[in-house]
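**Q** Supplied in structure tokens, the structure appears directly below.
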Amino acid sequence: MEFKKCKRCGCFFVSNSEVCSKCEPKDNFEIIKLRNYLNDNDVISLDELASNLSITPANLARHIQADEFKSIYKTLSKSSSGEGFNNISISL
Ligand SMILES: [Zn+2]
């Protein structure tokens, strides 16, 4: 266990996850929305995902790089203009 800075609210917390316990439900909710959307739609860009799901680009970039979405992320990052997404640093 180590001190981490929450990727959503910026508070410090001790856990193995990326976000604090307060933000974890929000993350999970967005991941479920994302999963459902990807099941029902042909997605053409990350921008489309972000605006249709009301997920911030930074959070979307985090979710989409999870193992279950990795193939989609690869396709989208190749085909999209990358506007706003090339600049996102996923650094810790
Ligand atoms: Zn938080």
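Simple scheme: letters A, B, ... for chains in structure tokens order, numbers from 1 for residues in each chain, numbers from 1 for ligands in the order shown.
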As a PyMOL selection string, please: every residue in chain A that a backbone DSSP assignment puts in strand (DSSP E or B).
**A** chain A and resi 2-5+12-15
**Q** What are the closest atom pairs, with distances in Å to one decimal, for each residue of chain A lying within 8 Å of ligand 1, using only C-alpha atoms and all ligand atoms, rows by chain and rising residue number, as a Markdown table?
**A**
```
| residue | atom | partner | partner_atom_place_in_ligand_line | distance |
| --- | --- | --- | --- | --- |
| A:Lys5 | CA | ligand 1 | 1 (Zn) | 8.0 |
| A:Cys6 | CA | ligand 1 | 1 (Zn) | 4.7 |
| A:Lys7 | CA | ligand 1 | 1 (Zn) | 6.6 |
| A:Arg8 | CA | ligand 1 | 1 (Zn) | 5.0 |
| A:Cys9 | CA | ligand 1 | 1 (Zn) | 4.1 |
| A:Gly10 | CA | ligand 1 | 1 (Zn) | 6.0 |
| A:Cys11 | CA | ligand 1 | 1 (Zn) | 5.7 |
| A:Phe12 | CA | ligand 1 | 1 (Zn) | 7.9 |
| A:Val19 | CA | ligand 1 | 1 (Zn) | 5.3 |
| A:Cys20 | CA | ligand 1 | 1 (Zn) | 4.2 |
| A:Ser21 | CA | ligand 1 | 1 (Zn) | 6.7 |
| A:Lys22 | CA | ligand 1 | 1 (Zn) | 5.5 |
| A:Cys23 | CA | ligand 1 | 1 (Zn) | 4.4 |
| A:Glu24 | CA | ligand 1 | 1 (Zn) | 7.3 |
```
**Q** Could you save those same residues with all heavy atoms as an mmCIF file, in the first residue's frame?
**A**
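Heads up, here's the output in part11.cif:
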```
data_model
loop_
_atom_site.group_PDB
_atom_site.id
_atom_site.type_symbol
_atom_site.label_atom_id
_atom_site.label_comp_id
_atom_site.auth_asym_id
_atom_site.auth_seq_id
_atom_site.Cartn_x
_atom_site.Cartn_y
_atom_site.Cartn_z
ATOM 1 N N LYS A 5 -2.398 9.776 -5.344
ATOM 2 C CA LYS A 5 -3.228 10.938 -5.588
ATOM 3 C C LYS A 5 -4.377 10.501 -6.479
ATOM 4 O O LYS A 5 -4.154 9.926 -7.543
ATOM 5 C CB LYS A 5 -2.387 12.016 -6.274
ATOM 6 C CG LYS A 5 -3.031 13.368 -6.210
ATOM 7 C CD LYS A 5 -2.088 14.434 -6.743
ATOM 8 C CE LYS A 5 -2.804 15.771 -6.751
ATOM 9 N NZ LYS A 5 -2.062 16.810 -7.435
ATOM 10 N N CYS A 6 -5.568 10.760 -6.035
ATOM 11 C CA CYS A 6 -6.748 10.357 -6.795
ATOM 12 C C CYS A 6 -6.755 11.018 -8.170
ATOM 13 O O CYS A 6 -6.538 12.215 -8.285
ATOM 14 C CB CYS A 6 -8.009 10.730 -6.037
ATOM 15 S SG CYS A 6 -9.514 10.400 -6.946
ATOM 16 N N LYS A 7 -7.019 10.199 -9.195
ATOM 17 C CA LYS A 7 -6.999 10.728 -10.560
ATOM 18 C C LYS A 7 -8.248 11.532 -10.886
ATOM 19 O O LYS A 7 -8.312 12.183 -11.913
ATOM 20 C CB LYS A 7 -6.874 9.579 -11.554
ATOM 21 C CG LYS A 7 -5.668 8.736 -11.307
ATOM 22 C CD LYS A 7 -4.788 8.665 -12.507
ATOM 23 C CE LYS A 7 -3.512 7.968 -12.105
ATOM 24 N NZ LYS A 7 -2.630 7.707 -13.186
ATOM 25 N N ARG A 8 -9.235 11.468 -10.041
ATOM 26 C CA ARG A 8 -10.450 12.239 -10.292
ATOM 27 C C ARG A 8 -10.485 13.520 -9.490
ATOM 28 O O ARG A 8 -10.668 14.591 -10.024
ATOM 29 C CB ARG A 8 -11.691 11.410 -9.968
ATOM 30 C CG ARG A 8 -11.903 10.221 -10.875
ATOM 31 C CD ARG A 8 -13.251 9.608 -10.600
ATOM 32 N NE ARG A 8 -14.290 10.462 -11.103
ATOM 33 C CZ ARG A 8 -14.976 10.212 -12.234
ATOM 34 N NH1 ARG A 8 -14.732 9.141 -12.931
ATOM 35 N NH2 ARG A 8 -15.892 11.034 -12.630
ATOM 36 N N CYS A 9 -10.308 13.421 -8.172
ATOM 37 C CA CYS A 9 -10.488 14.613 -7.343
ATOM 38 C C CYS A 9 -9.171 15.168 -6.816
ATOM 39 O O CYS A 9 -9.132 16.263 -6.277
ATOM 40 C CB CYS A 9 -11.449 14.323 -6.200
ATOM 41 S SG CYS A 9 -10.786 13.229 -4.947
ATOM 42 N N GLY A 10 -8.091 14.402 -6.961
ATOM 43 C CA GLY A 10 -6.794 14.922 -6.562
ATOM 44 C C GLY A 10 -6.456 14.772 -5.091
ATOM 45 O O GLY A 10 -5.401 15.194 -4.655
ATOM 46 N N CYS A 11 -7.356 14.150 -4.330
ATOM 47 C CA CYS A 11 -7.055 13.978 -2.911
ATOM 48 C C CYS A 11 -6.068 12.819 -2.731
ATOM 49 O O CYS A 11 -5.921 11.978 -3.608
ATOM 50 C CB CYS A 11 -8.324 13.730 -2.110
ATOM 51 S SG CYS A 11 -8.989 12.068 -2.292
ATOM 52 N N PHE A 12 -5.416 12.776 -1.595
ATOM 53 C CA PHE A 12 -4.488 11.689 -1.329
ATOM 54 C C PHE A 12 -5.186 10.580 -0.570
ATOM 55 O O PHE A 12 -6.035 10.825 0.277
ATOM 56 C CB PHE A 12 -3.278 12.204 -0.545
ATOM 57 C CG PHE A 12 -2.354 13.016 -1.401
ATOM 58 C CD1 PHE A 12 -2.465 14.396 -1.426
ATOM 59 C CD2 PHE A 12 -1.402 12.398 -2.188
ATOM 60 C CE1 PHE A 12 -1.625 15.161 -2.231
ATOM 61 C CE2 PHE A 12 -0.556 13.143 -2.994
ATOM 62 C CZ PHE A 12 -0.672 14.531 -3.018
ATOM 63 N N VAL A 19 -8.158 5.566 -8.039
ATOM 64 C CA VAL A 19 -8.950 6.663 -7.503
ATOM 65 C C VAL A 19 -9.325 6.379 -6.054
ATOM 66 O O VAL A 19 -9.279 5.242 -5.599
ATOM 67 C CB VAL A 19 -10.232 6.896 -8.343
ATOM 68 C CG1 VAL A 19 -9.878 7.373 -9.733
ATOM 69 C CG2 VAL A 19 -11.082 5.647 -8.400
ATOM 70 N N CYS A 20 -9.706 7.423 -5.334
ATOM 71 C CA CYS A 20 -10.053 7.271 -3.928
ATOM 72 C C CYS A 20 -11.400 6.566 -3.782
ATOM 73 O O CYS A 20 -12.140 6.428 -4.758
ATOM 74 C CB CYS A 20 -10.075 8.630 -3.242
ATOM 75 S SG CYS A 20 -11.474 9.669 -3.694
ATOM 76 N N SER A 21 -11.743 6.176 -2.576
ATOM 77 C CA SER A 21 -12.974 5.397 -2.375
ATOM 78 C C SER A 21 -14.217 6.212 -2.694
ATOM 79 O O SER A 21 -15.242 5.676 -3.070
ATOM 80 C CB SER A 21 -13.036 4.880 -0.939
ATOM 81 O OG SER A 21 -12.926 5.953 -0.034
ATOM 82 N N LYS A 22 -14.118 7.538 -2.575
ATOM 83 C CA LYS A 22 -15.261 8.385 -2.898
ATOM 84 C C LYS A 22 -15.510 8.407 -4.405
ATOM 85 O O LYS A 22 -16.640 8.507 -4.859
ATOM 86 C CB LYS A 22 -15.004 9.823 -2.409
ATOM 87 C CG LYS A 22 -15.694 10.131 -1.098
ATOM 88 C CD LYS A 22 -15.550 11.609 -0.758
ATOM 89 C CE LYS A 22 -14.189 11.863 -0.104
ATOM 90 N NZ LYS A 22 -13.908 13.286 0.121
ATOM 91 N N CYS A 23 -14.431 8.351 -5.159
ATOM 92 C CA CYS A 23 -14.555 8.457 -6.619
ATOM 93 C C CYS A 23 -14.726 7.103 -7.293
ATOM 94 O O CYS A 23 -15.091 7.041 -8.459
ATOM 95 C CB CYS A 23 -13.335 9.161 -7.203
ATOM 96 S SG CYS A 23 -13.212 10.881 -6.687
ATOM 97 N N GLU A 24 -14.449 6.050 -6.566
ATOM 98 C CA GLU A 24 -14.511 4.717 -7.173
ATOM 99 C C GLU A 24 -15.881 4.402 -7.789
ATOM 100 O O GLU A 24 -15.944 3.895 -8.907
ATOM 101 C CB GLU A 24 -14.129 3.652 -6.135
ATOM 102 C CG GLU A 24 -13.350 2.529 -6.760
ATOM 103 C CD GLU A 24 -12.621 1.677 -5.719
ATOM 104 O OE1 GLU A 24 -12.109 2.225 -4.726
ATOM 105 O OE2 GLU A 24 -12.604 0.460 -5.913
#
```
**Q** Name the residues of region 1-78 of chain A that come out as helix (DSSP H, G or I) in a backbone DSSP run; write them as an MDAnalysis selection string.
**A** chainID A and resid 24:40 46:53 57:64 67:78
**Q** Residues within 10 Å of Leu60 (chain A), please, as a PyMOL selection string. Count only C-alpha atoms; anything in the same chain fewer than 5 positions from it doesn't count.
**A** chain A and resi 27+30-31+34+46-47+49-50+53-55+65+85
**Q** With only C-alpha atoms as the atoms that count, which of A:Asn41, A:Ser15, A:Ser77, A:Ser51 lies nearest to Ile64 (chain A)?
**A** A:Ser77
**Q** Interatomic distance between CA of Ser71 (chain A) and CA of Thr56 (chain A)?
**A**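 Atom-to-atom, CA of Ser71 (chain A) to CA of Thr56 (chain A), that is 20.4 Å.
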**Q** To one decimal in Å, tell me the separation between CA of Asn28 (chain A) and CA of Asn59 (chain A).
**A** 11.3 Å
**Q** Have a look at CA of Ala66 (chain A) and CA of Glu18 (chain A) and let me know their distance in Å, one decimal.
**A**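 Between CA of Ala66 (chain A) and CA of Glu18 (chain A) the gap works out to 11.8 Å.
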